[in-house]
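Reproduced below: data00.pdb, with PDB, C-alpha atoms, pLDDT in the B column.
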MODEL        1
ATOM      1  CA  MET A   1      -3.210   3.811  79.995  1.00 52.00           C
ATOM      2  CA  LYS A   2      -6.952   3.501  80.733  1.00 48.00           C
ATOM      3  CA  LEU A   3      -6.963   7.091  81.965  1.00 45.00           C
ATOM      4  CA  PHE A   4      -5.321   8.256  78.726  1.00 41.00           C
ATOM      5  CA  ILE A   5      -7.951   6.479  76.596  1.00 43.00           C
ATOM      6  CA  LEU A   6     -10.747   7.893  78.732  1.00 38.00           C
ATOM      7  CA  LEU A   7      -9.360  11.436  78.417  1.00 38.00           C
ATOM      8  CA  LEU A   8      -8.933  11.016  74.666  1.00 38.00           C
ATOM      9  CA  ALA A   9     -12.515   9.790  74.296  1.00 43.00           C
ATOM     10  CA  LEU A  10     -13.919  12.609  76.406  1.00 41.00           C
ATOM     11  CA  SER A  11     -11.928  15.278  74.600  1.00 45.00           C
ATOM     12  CA  SER A  12     -13.269  14.146  71.219  1.00 42.00           C
ATOM     13  CA  PHE A  13     -16.905  14.089  72.415  1.00 38.00           C
ATOM     14  CA  PRO A  14     -17.572  17.812  71.789  1.00 38.00           C
ATOM     15  CA  VAL A  15     -16.241  17.434  68.234  1.00 34.00           C
ATOM     16  CA  LEU A  16     -18.530  14.473  67.586  1.00 34.00           C
ATOM     17  CA  ALA A  17     -21.483  16.243  69.147  1.00 35.00           C
ATOM     18  CA  GLN A  18     -20.803  19.380  67.120  1.00 32.00           C
ATOM     19  CA  ASP A  19     -20.570  17.387  63.884  1.00 31.00           C
ATOM     20  CA  HIS A  20     -23.830  15.566  64.642  1.00 30.00           C
ATOM     21  CA  HIS A  21     -25.560  18.852  65.453  1.00 28.00           C
ATOM     22  CA  HIS A  22     -24.430  20.361  62.141  1.00 28.00           C
ATOM     23  CA  HIS A  23     -25.957  17.525  60.119  1.00 31.00           C
ATOM     24  CA  GLY A  24     -29.216  17.744  62.016  1.00 32.00           C
ATOM     25  CA  HIS A  25     -30.327  20.803  60.037  1.00 36.00           C
ATOM     26  CA  GLY A  26     -31.642  20.103  56.550  1.00 43.00           C
ATOM     27  CA  HIS A  27     -30.565  23.214  54.701  1.00 44.00           C
ATOM     28  CA  GLU A  28     -26.805  22.935  55.262  1.00 45.00           C
ATOM     29  CA  ASN A  29     -26.710  19.642  53.378  1.00 56.00           C
ATOM     30  CA  TYR A  30     -27.858  20.958  49.975  1.00 56.00           C
ATOM     31  CA  LYS A  31     -25.658  19.973  47.086  1.00 53.00           C
ATOM     32  CA  THR A  32     -24.154  23.243  45.884  1.00 55.00           C
ATOM     33  CA  THR A  33     -21.499  22.243  43.358  1.00 65.00           C
ATOM     34  CA  GLN A  34     -20.971  24.374  40.279  1.00 83.00           C
ATOM     35  CA  ARG A  35     -22.997  22.996  37.383  1.00 85.00           C
ATOM     36  CA  LYS A  36     -22.114  22.983  33.677  1.00 90.00           C
ATOM     37  CA  SER A  37     -23.940  24.913  30.982  1.00 90.00           C
ATOM     38  CA  LEU A  38     -25.971  23.260  28.252  1.00 89.00           C
ATOM     39  CA  ILE A  39     -26.599  24.440  24.720  1.00 89.00           C
ATOM     40  CA  GLU A  40     -30.148  25.771  24.285  1.00 91.00           C
ATOM     41  CA  LYS A  41     -31.334  22.808  22.176  1.00 90.00           C
ATOM     42  CA  ASP A  42     -30.291  20.304  24.849  1.00 91.00           C
ATOM     43  CA  LYS A  43     -31.584  22.516  27.666  1.00 92.00           C
ATOM     44  CA  LYS A  44     -35.017  22.607  25.960  1.00 93.00           C
ATOM     45  CA  ILE A  45     -35.144  18.798  25.714  1.00 93.00           C
ATOM     46  CA  ILE A  46     -34.214  18.400  29.387  1.00 94.00           C
ATOM     47  CA  SER A  47     -36.658  21.142  30.366  1.00 94.00           C
ATOM     48  CA  ASP A  48     -39.439  19.351  28.465  1.00 95.00           C
ATOM     49  CA  ALA A  49     -38.450  16.066  30.118  1.00 96.00           C
ATOM     50  CA  LEU A  50     -38.568  17.667  33.569  1.00 96.00           C
ATOM     51  CA  THR A  51     -42.000  19.158  32.873  1.00 96.00           C
ATOM     52  CA  ILE A  52     -43.401  15.807  31.735  1.00 97.00           C
ATOM     53  CA  ASN A  53     -41.573  14.060  34.586  1.00 97.00           C
ATOM     54  CA  ASP A  54     -43.290  16.356  37.076  1.00 97.00           C
ATOM     55  CA  GLN A  55     -46.661  15.530  35.534  1.00 97.00           C
ATOM     56  CA  LEU A  56     -45.801  11.816  35.754  1.00 97.00           C
ATOM     57  CA  PHE A  57     -44.616  12.307  39.344  1.00 97.00           C
ATOM     58  CA  ASN A  58     -47.952  13.892  40.293  1.00 96.00           C
ATOM     59  CA  ALA A  59     -49.902  11.189  38.418  1.00 97.00           C
ATOM     60  CA  LEU A  60     -47.997   8.544  40.386  1.00 97.00           C
ATOM     61  CA  LEU A  61     -48.812  10.364  43.625  1.00 95.00           C
ATOM     62  CA  ALA A  62     -52.501  10.433  42.632  1.00 95.00           C
ATOM     63  CA  LYS A  63     -52.352   6.812  41.349  1.00 95.00           C
ATOM     64  CA  ASP A  64     -53.998   7.989  38.104  1.00 96.00           C
ATOM     65  CA  ALA A  65     -53.315   4.955  35.873  1.00 96.00           C
ATOM     66  CA  LYS A  66     -54.383   6.590  32.573  1.00 96.00           C
ATOM     67  CA  LEU A  67     -52.253   9.693  33.159  1.00 97.00           C
ATOM     68  CA  ILE A  68     -49.306   7.570  34.319  1.00 97.00           C
ATOM     69  CA  GLU A  69     -49.454   5.651  31.030  1.00 97.00           C
ATOM     70  CA  LYS A  70     -49.820   8.831  28.934  1.00 97.00           C
ATOM     71  CA  LYS A  71     -46.912  10.693  30.596  1.00 97.00           C
ATOM     72  CA  SER A  72     -44.680   7.591  30.541  1.00 97.00           C
ATOM     73  CA  GLN A  73     -45.234   7.318  26.784  1.00 96.00           C
ATOM     74  CA  GLU A  74     -44.505  11.039  26.311  1.00 96.00           C
ATOM     75  CA  ILE A  75     -41.175  10.807  28.129  1.00 95.00           C
ATOM     76  CA  SER A  76     -40.149   7.643  26.307  1.00 92.00           C
ATOM     77  CA  THR A  77     -40.728   9.250  22.888  1.00 93.00           C
ATOM     78  CA  LEU A  78     -39.006  12.515  23.873  1.00 92.00           C
ATOM     79  CA  PHE A  79     -35.540  10.944  23.717  1.00 87.00           C
ATOM     80  CA  GLN A  80     -36.073   8.627  20.734  1.00 83.00           C
ATOM     81  CA  GLY A  81     -33.491   9.131  18.015  1.00 80.00           C
ATOM     82  CA  ASN A  82     -31.415  11.606  20.015  1.00 80.00           C
ATOM     83  CA  LYS A  83     -27.757  10.623  19.708  1.00 78.00           C
ATOM     84  CA  ASP A  84     -26.220  13.318  21.966  1.00 83.00           C
ATOM     85  CA  ALA A  85     -23.954  11.811  24.635  1.00 83.00           C
ATOM     86  CA  ILE A  86     -25.809  13.366  27.581  1.00 83.00           C
ATOM     87  CA  PHE A  87     -29.036  11.696  26.429  1.00 89.00           C
ATOM     88  CA  LYS A  88     -27.665   8.181  25.854  1.00 90.00           C
ATOM     89  CA  GLU A  89     -28.522   6.724  29.283  1.00 91.00           C
ATOM     90  CA  LEU A  90     -31.682   8.828  29.572  1.00 92.00           C
ATOM     91  CA  ALA A  91     -32.943   7.485  26.228  1.00 91.00           C
ATOM     92  CA  LEU A  92     -32.240   3.908  27.283  1.00 92.00           C
ATOM     93  CA  LYS A  93     -33.993   4.226  30.654  1.00 93.00           C
ATOM     94  CA  ALA A  94     -36.853   6.289  29.195  1.00 93.00           C
ATOM     95  CA  SER A  95     -37.529   3.504  26.691  1.00 91.00           C
ATOM     96  CA  HIS A  96     -38.394   1.256  29.670  1.00 92.00           C
ATOM     97  CA  LEU A  97     -41.232   3.633  30.520  1.00 94.00           C
ATOM     98  CA  LYS A  98     -43.002   2.432  27.338  1.00 93.00           C
ATOM     99  CA  THR A  99     -43.862  -0.749  29.195  1.00 93.00           C
ATOM    100  CA  ILE A 100     -46.111   1.163  31.598  1.00 95.00           C
ATOM    101  CA  LYS A 101     -49.772   0.722  30.698  1.00 94.00           C
ATOM    102  CA  GLY A 102     -52.948   1.675  32.549  1.00 91.00           C
ATOM    103  CA  SER A 103     -53.132  -1.887  33.866  1.00 93.00           C
ATOM    104  CA  THR A 104     -49.533  -1.871  35.187  1.00 93.00           C
ATOM    105  CA  LYS A 105     -49.283  -2.385  38.934  1.00 95.00           C
ATOM    106  CA  GLN A 106     -48.220   0.767  40.798  1.00 94.00           C
ATOM    107  CA  GLU A 107     -45.105  -0.963  42.192  1.00 94.00           C
ATOM    108  CA  ASP A 108     -43.999  -2.006  38.673  1.00 95.00           C
ATOM    109  CA  ALA A 109     -44.610   1.506  37.342  1.00 96.00           C
ATOM    110  CA  LEU A 110     -42.544   2.923  40.223  1.00 96.00           C
ATOM    111  CA  LYS A 111     -39.672   0.514  39.467  1.00 96.00           C
ATOM    112  CA  ALA A 112     -39.527   1.647  35.816  1.00 96.00           C
ATOM    113  CA  TYR A 113     -39.859   5.257  36.971  1.00 97.00           C
ATOM    114  CA  GLU A 114     -36.997   4.859  39.466  1.00 97.00           C
ATOM    115  CA  ASP A 115     -34.741   3.420  36.742  1.00 96.00           C
ATOM    116  CA  PHE A 116     -35.489   6.432  34.529  1.00 96.00           C
ATOM    117  CA  LEU A 117     -34.934   8.905  37.365  1.00 97.00           C
ATOM    118  CA  LYS A 118     -31.356   7.824  38.112  1.00 96.00           C
ATOM    119  CA  PRO A 119     -29.834   9.315  34.918  1.00 95.00           C
ATOM    120  CA  LEU A 120     -32.235  12.286  35.016  1.00 96.00           C
ATOM    121  CA  ILE A 121     -31.070  13.098  38.542  1.00 96.00           C
ATOM    122  CA  LYS A 122     -27.456  13.010  37.322  1.00 95.00           C
ATOM    123  CA  VAL A 123     -28.310  15.510  34.575  1.00 94.00           C
ATOM    124  CA  VAL A 124     -30.117  17.833  37.024  1.00 94.00           C
ATOM    125  CA  GLN A 125     -27.138  17.730  39.383  1.00 94.00           C
ATOM    126  CA  GLU A 126     -24.527  18.177  36.650  1.00 93.00           C
ATOM    127  CA  TYR A 127     -26.097  20.828  34.386  1.00 92.00           C
ATOM    128  CA  ASP A 128     -27.466  24.279  35.124  1.00 91.00           C
ATOM    129  CA  LEU A 129     -31.033  24.139  33.872  1.00 88.00           C
ATOM    130  CA  GLU A 130     -32.190  27.412  35.453  1.00 82.00           C
ATOM    131  CA  SER A 131     -35.227  25.705  36.900  1.00 84.00           C
ATOM    132  CA  SER A 132     -36.974  24.946  40.164  1.00 91.00           C
ATOM    133  CA  TYR A 133     -36.506  21.193  39.902  1.00 94.00           C
ATOM    134  CA  ASN A 134     -34.643  19.733  42.853  1.00 95.00           C
ATOM    135  CA  VAL A 135     -33.514  16.320  44.016  1.00 97.00           C
ATOM    136  CA  PHE A 136     -35.133  14.769  47.077  1.00 97.00           C
ATOM    137  CA  SER A 137     -34.403  11.487  48.801  1.00 97.00           C
ATOM    138  CA  CYS A 138     -35.739   9.233  51.511  1.00 97.00           C
ATOM    139  CA  PRO A 139     -33.276   7.275  53.670  1.00 96.00           C
ATOM    140  CA  MET A 140     -36.036   4.897  54.780  1.00 95.00           C
ATOM    141  CA  VAL A 141     -36.728   3.517  51.271  1.00 96.00           C
ATOM    142  CA  LYS A 142     -33.292   4.511  49.881  1.00 97.00           C
ATOM    143  CA  LYS A 143     -34.722   6.221  46.806  1.00 97.00           C
ATOM    144  CA  SER A 144     -34.343   9.624  45.178  1.00 97.00           C
ATOM    145  CA  TRP A 145     -36.674  11.653  42.991  1.00 97.00           C
ATOM    146  CA  ILE A 146     -37.094  15.082  41.394  1.00 97.00           C
ATOM    147  CA  GLN A 147     -39.738  17.596  42.426  1.00 95.00           C
ATOM    148  CA  ASP A 148     -40.692  20.993  41.083  1.00 94.00           C
ATOM    149  CA  VAL A 149     -40.566  22.982  44.314  1.00 93.00           C
ATOM    150  CA  ARG A 150     -42.978  25.559  42.893  1.00 92.00           C
ATOM    151  CA  VAL A 151     -45.661  22.860  42.577  1.00 92.00           C
ATOM    152  CA  ASN A 152     -44.834  20.665  45.572  1.00 90.00           C
ATOM    153  CA  LYS A 153     -43.167  22.854  48.176  1.00 89.00           C
ATOM    154  CA  GLY A 154     -42.750  20.128  50.799  1.00 92.00           C
ATOM    155  CA  VAL A 155     -41.428  16.593  50.507  1.00 96.00           C
ATOM    156  CA  LYS A 156     -43.733  14.305  48.515  1.00 96.00           C
ATOM    157  CA  ASN A 157     -42.310  10.792  48.672  1.00 96.00           C
ATOM    158  CA  VAL A 158     -43.736   9.107  45.577  1.00 96.00           C
ATOM    159  CA  PHE A 159     -42.023   5.835  46.535  1.00 97.00           C
ATOM    160  CA  ALA A 160     -43.636   5.594  49.970  1.00 95.00           C
ATOM    161  CA  PRO A 161     -47.146   7.069  49.995  1.00 90.00           C
ATOM    162  CA  TYR A 162     -47.682   5.605  53.471  1.00 93.00           C
ATOM    163  CA  MET A 163     -45.049   8.095  54.666  1.00 94.00           C
ATOM    164  CA  LEU A 164     -45.572  10.802  52.073  1.00 94.00           C
ATOM    165  CA  GLU A 165     -43.561  13.489  53.841  1.00 95.00           C
ATOM    166  CA  CYS A 166     -40.562  11.287  54.690  1.00 95.00           C
ATOM    167  CA  GLY A 167     -37.418  12.544  53.011  1.00 96.00           C
ATOM    168  CA  THR A 168     -35.195  15.560  52.485  1.00 96.00           C
ATOM    169  CA  GLN A 169     -34.485  18.083  49.775  1.00 96.00           C
ATOM    170  CA  ASP A 170     -30.917  17.342  48.684  1.00 95.00           C
ATOM    171  CA  THR A 171     -30.378  20.225  46.244  1.00 93.00           C
ATOM    172  CA  GLN A 172     -31.473  23.825  46.008  1.00 90.00           C
ATOM    173  CA  PHE A 173     -31.298  25.141  42.478  1.00 84.00           C
TER     174      PHE A 173
ENDMDL
END
Reformat the file's structure so that it appears as structure tokens.
Amino acid sequence: MKLFILLLALSSFPVLAQDHHHHGHGHENYKTTQRKSLIEKDKKIISDALTINDQLFNALLAKDAKLIEKKSQEISTLFQGNKDAIFKELALKASHLKTIKGSTKQEDALKAYEDFLKPLIKVVQEYDLESSYNVFSCPMVKKSWIQDVRVNKGVKNVFAPYMLECGTQDTQF
């Protein structure tokens, strides 16, 4: 019986090793599901949000308190009054960005930013926006964010500046 278990374990080792090897490369793990289309009006709103989000992302990286406040306010007003279903959660989470002021601690600004990013990431993954915005994540801090890969080609972990390049690109759109 012990011999049988040993043989079974040894015979499955190459399969486990092969599977581990496959996941060791970053590019095979991109999310490549088919995304839905958006009407032009909604696509423009999301496109504007992604542009401002990228400016906010870079302001957070630079720890520019005035620009963080300005871009947070811009995003929060972008969704005000929009009743479309795809914007419901985005509008709610974006409204929390209004609380970010120049005097807000970086960690508090990042918490509000993370809350806003969760529904924005869902939209980026679900809808074809014909853009260069992709989802990144860091397993160390267990957070995800969106980067414009034309602006920031490598990983820029806004949630962990002490390990700025820690993370992976999860999508390739």
Translate the PyMOL selection byres ((chain A and resi 57-64) around 8) into a concrete residue list for this structure, as an mmCIF file with C-alpha atoms, in the coordinates of the input.
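Contents of selection39.cif, as written:
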data_model
loop_
_atom_site.group_PDB
_atom_site.id
_atom_site.type_symbol
_atom_site.label_atom_id
_atom_site.label_comp_id
_atom_site.auth_asym_id
_atom_site.auth_seq_id
_atom_site.Cartn_x
_atom_site.Cartn_y
_atom_site.Cartn_z
ATOM 1 C CA ASN A 53 -41.573 14.060 34.586
ATOM 2 C CA ASP A 54 -43.290 16.356 37.076
ATOM 3 C CA GLN A 55 -46.661 15.530 35.534
ATOM 4 C CA LEU A 56 -45.801 11.816 35.754
ATOM 5 C CA ALA A 65 -53.315 4.955 35.873
ATOM 6 C CA LYS A 66 -54.383 6.590 32.573
ATOM 7 C CA LEU A 67 -52.253 9.693 33.159
ATOM 8 C CA ILE A 68 -49.306 7.570 34.319
ATOM 9 C CA GLN A 106 -48.220 0.767 40.798
ATOM 10 C CA LEU A 110 -42.544 2.923 40.223
ATOM 11 C CA GLN A 147 -39.738 17.596 42.426
ATOM 12 C CA VAL A 158 -43.736 9.107 45.577
ATOM 13 C CA PRO A 161 -47.146 7.069 49.995
#
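Coordinates place atom CA of Lys43 of chain A at a distance of 12.2 Å from atom CA of Glu126 of chain A.
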Determine, counting only C-alpha atoms, which protein, DNA and RNA residues have an atom within 12 Å of an atom of Tyr127 of chain A; residues of the same chain fewer than 6 positions away are not included. Present the result as a list in words.
-> Thr32, Thr33, Gln34, Arg35, Lys36, Ser37, Leu38, Ile39, Glu40, Asp42, Lys43, Ile46, Ser47, Ile86, Leu120, Ile121, Tyr133 and Phe173 of chain A
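Note on the selection: in this file the PyMOL selection byres ((chain A and resi 140-144) around 8) comes out as Glu114, Leu117, Lys118, Val135, Phe136, Ser137, Cys138, Pro139, Trp145, Ile146, Phe159, Ala160, Cys166 and Gly167 of chain A.
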In Å, rounded to a single decimal, give me how far atom CA of Glu89 of chain A is from atom CA of Ser72 of chain A.
->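 Taking atom CA of Ser72 of chain A and atom CA of Glu89 of chain A, their separation equals 16.2 Å.
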Given the file above and the PyMOL selection byres ((chain A and resi 95) around 12), which residues are selected, and can you give them as a ChimeraX atom specification?
-> /A:72-81,87-94,96-100,112-113,115-116
Check the smallest atom-to-atom distance from each of A:Lys105, A:Ala49, A:Val123, A:Lys71 to Ala85 of chain A using all atoms listed in the file, then report the winner.
->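 Once distances to Ala85 of chain A are computed over all atoms listed in the file, the minimum belongs to A:Val123.
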Would you fill the gaps in segment 142-160 of chain A so it has N, CA and C atoms, then print it as a PDB file, in the frame of the given file?
ATOM      1  N   LYS A 142     -34.533   4.396  50.657  1.00 97.00           N
ATOM      2  CA  LYS A 142     -33.292   4.511  49.881  1.00 97.00           C
ATOM      3  C   LYS A 142     -33.560   4.796  48.394  1.00 97.00           C
ATOM      4  N   LYS A 143     -34.393   5.823  48.168  1.00 97.00           N
ATOM      5  CA  LYS A 143     -34.722   6.221  46.806  1.00 97.00           C
ATOM      6  C   LYS A 143     -34.662   7.744  46.689  1.00 97.00           C
ATOM      7  N   SER A 144     -34.408   8.193  45.466  1.00 97.00           N
ATOM      8  CA  SER A 144     -34.343   9.624  45.178  1.00 97.00           C
ATOM      9  C   SER A 144     -35.318   9.950  44.062  1.00 97.00           C
ATOM     10  N   TRP A 145     -35.754  11.211  44.021  1.00 97.00           N
ATOM     11  CA  TRP A 145     -36.674  11.653  42.991  1.00 97.00           C
ATOM     12  C   TRP A 145     -36.474  13.141  42.755  1.00 97.00           C
ATOM     13  N   ILE A 146     -37.174  13.663  41.749  1.00 97.00           N
ATOM     14  CA  ILE A 146     -37.094  15.082  41.394  1.00 97.00           C
ATOM     15  C   ILE A 146     -38.477  15.697  41.584  1.00 97.00           C
ATOM     16  N   GLN A 147     -38.499  16.853  42.222  1.00 95.00           N
ATOM     17  CA  GLN A 147     -39.738  17.596  42.426  1.00 95.00           C
ATOM     18  C   GLN A 147     -39.571  19.022  41.943  1.00 95.00           C
ATOM     19  N   ASP A 148     -40.639  19.566  41.382  1.00 94.00           N
ATOM     20  CA  ASP A 148     -40.692  20.993  41.083  1.00 94.00           C
ATOM     21  C   ASP A 148     -41.146  21.659  42.378  1.00 94.00           C
ATOM     22  N   VAL A 149     -40.256  22.397  43.002  1.00 93.00           N
ATOM     23  CA  VAL A 149     -40.566  22.982  44.314  1.00 93.00           C
ATOM     24  C   VAL A 149     -41.580  24.123  44.229  1.00 93.00           C
ATOM     25  N   ARG A 150     -41.896  24.574  43.033  1.00 92.00           N
ATOM     26  CA  ARG A 150     -42.978  25.559  42.893  1.00 92.00           C
ATOM     27  C   ARG A 150     -44.334  24.869  43.010  1.00 92.00           C
ATOM     28  N   VAL A 151     -44.407  23.621  42.564  1.00 92.00           N
ATOM     29  CA  VAL A 151     -45.661  22.860  42.577  1.00 92.00           C
ATOM     30  C   VAL A 151     -45.844  22.134  43.906  1.00 92.00           C
ATOM     31  N   ASN A 152     -44.819  21.415  44.308  1.00 90.00           N
ATOM     32  CA  ASN A 152     -44.834  20.665  45.572  1.00 90.00           C
ATOM     33  C   ASN A 152     -43.750  21.244  46.471  1.00 90.00           C
ATOM     34  N   LYS A 153     -44.142  22.147  47.339  1.00 89.00           N
ATOM     35  CA  LYS A 153     -43.167  22.854  48.176  1.00 89.00           C
ATOM     36  C   LYS A 153     -42.531  21.950  49.231  1.00 89.00           C
ATOM     37  N   GLY A 154     -43.286  21.045  49.795  1.00 92.00           N
ATOM     38  CA  GLY A 154     -42.750  20.128  50.799  1.00 92.00           C
ATOM     39  C   GLY A 154     -42.401  18.791  50.177  1.00 92.00           C
ATOM     40  N   VAL A 155     -41.802  17.934  50.971  1.00 96.00           N
ATOM     41  CA  VAL A 155     -41.428  16.593  50.507  1.00 96.00           C
ATOM     42  C   VAL A 155     -42.690  15.815  50.143  1.00 96.00           C
ATOM     43  N   LYS A 156     -42.663  15.201  48.972  1.00 96.00           N
ATOM     44  CA  LYS A 156     -43.733  14.305  48.515  1.00 96.00           C
ATOM     45  C   LYS A 156     -43.059  13.014  48.054  1.00 96.00           C
ATOM     46  N   ASN A 157     -43.022  12.042  48.934  1.00 96.00           N
ATOM     47  CA  ASN A 157     -42.310  10.792  48.672  1.00 96.00           C
ATOM     48  C   ASN A 157     -43.179   9.871  47.817  1.00 96.00           C
ATOM     49  N   VAL A 158     -42.956   9.901  46.520  1.00 96.00           N
ATOM     50  CA  VAL A 158     -43.736   9.107  45.577  1.00 96.00           C
ATOM     51  C   VAL A 158     -43.500   7.601  45.778  1.00 96.00           C
ATOM     52  N   PHE A 159     -42.363   7.248  46.351  1.00 97.00           N
ATOM     53  CA  PHE A 159     -42.023   5.835  46.535  1.00 97.00           C
ATOM     54  C   PHE A 159     -42.586   5.247  47.824  1.00 97.00           C
ATOM     55  N   ALA A 160     -43.087   6.071  48.704  1.00 95.00           N
ATOM     56  CA  ALA A 160     -43.636   5.594  49.970  1.00 95.00           C
ATOM     57  C   ALA A 160     -44.846   6.445  50.363  1.00 95.00           C
TER      58      ALA A 160
END
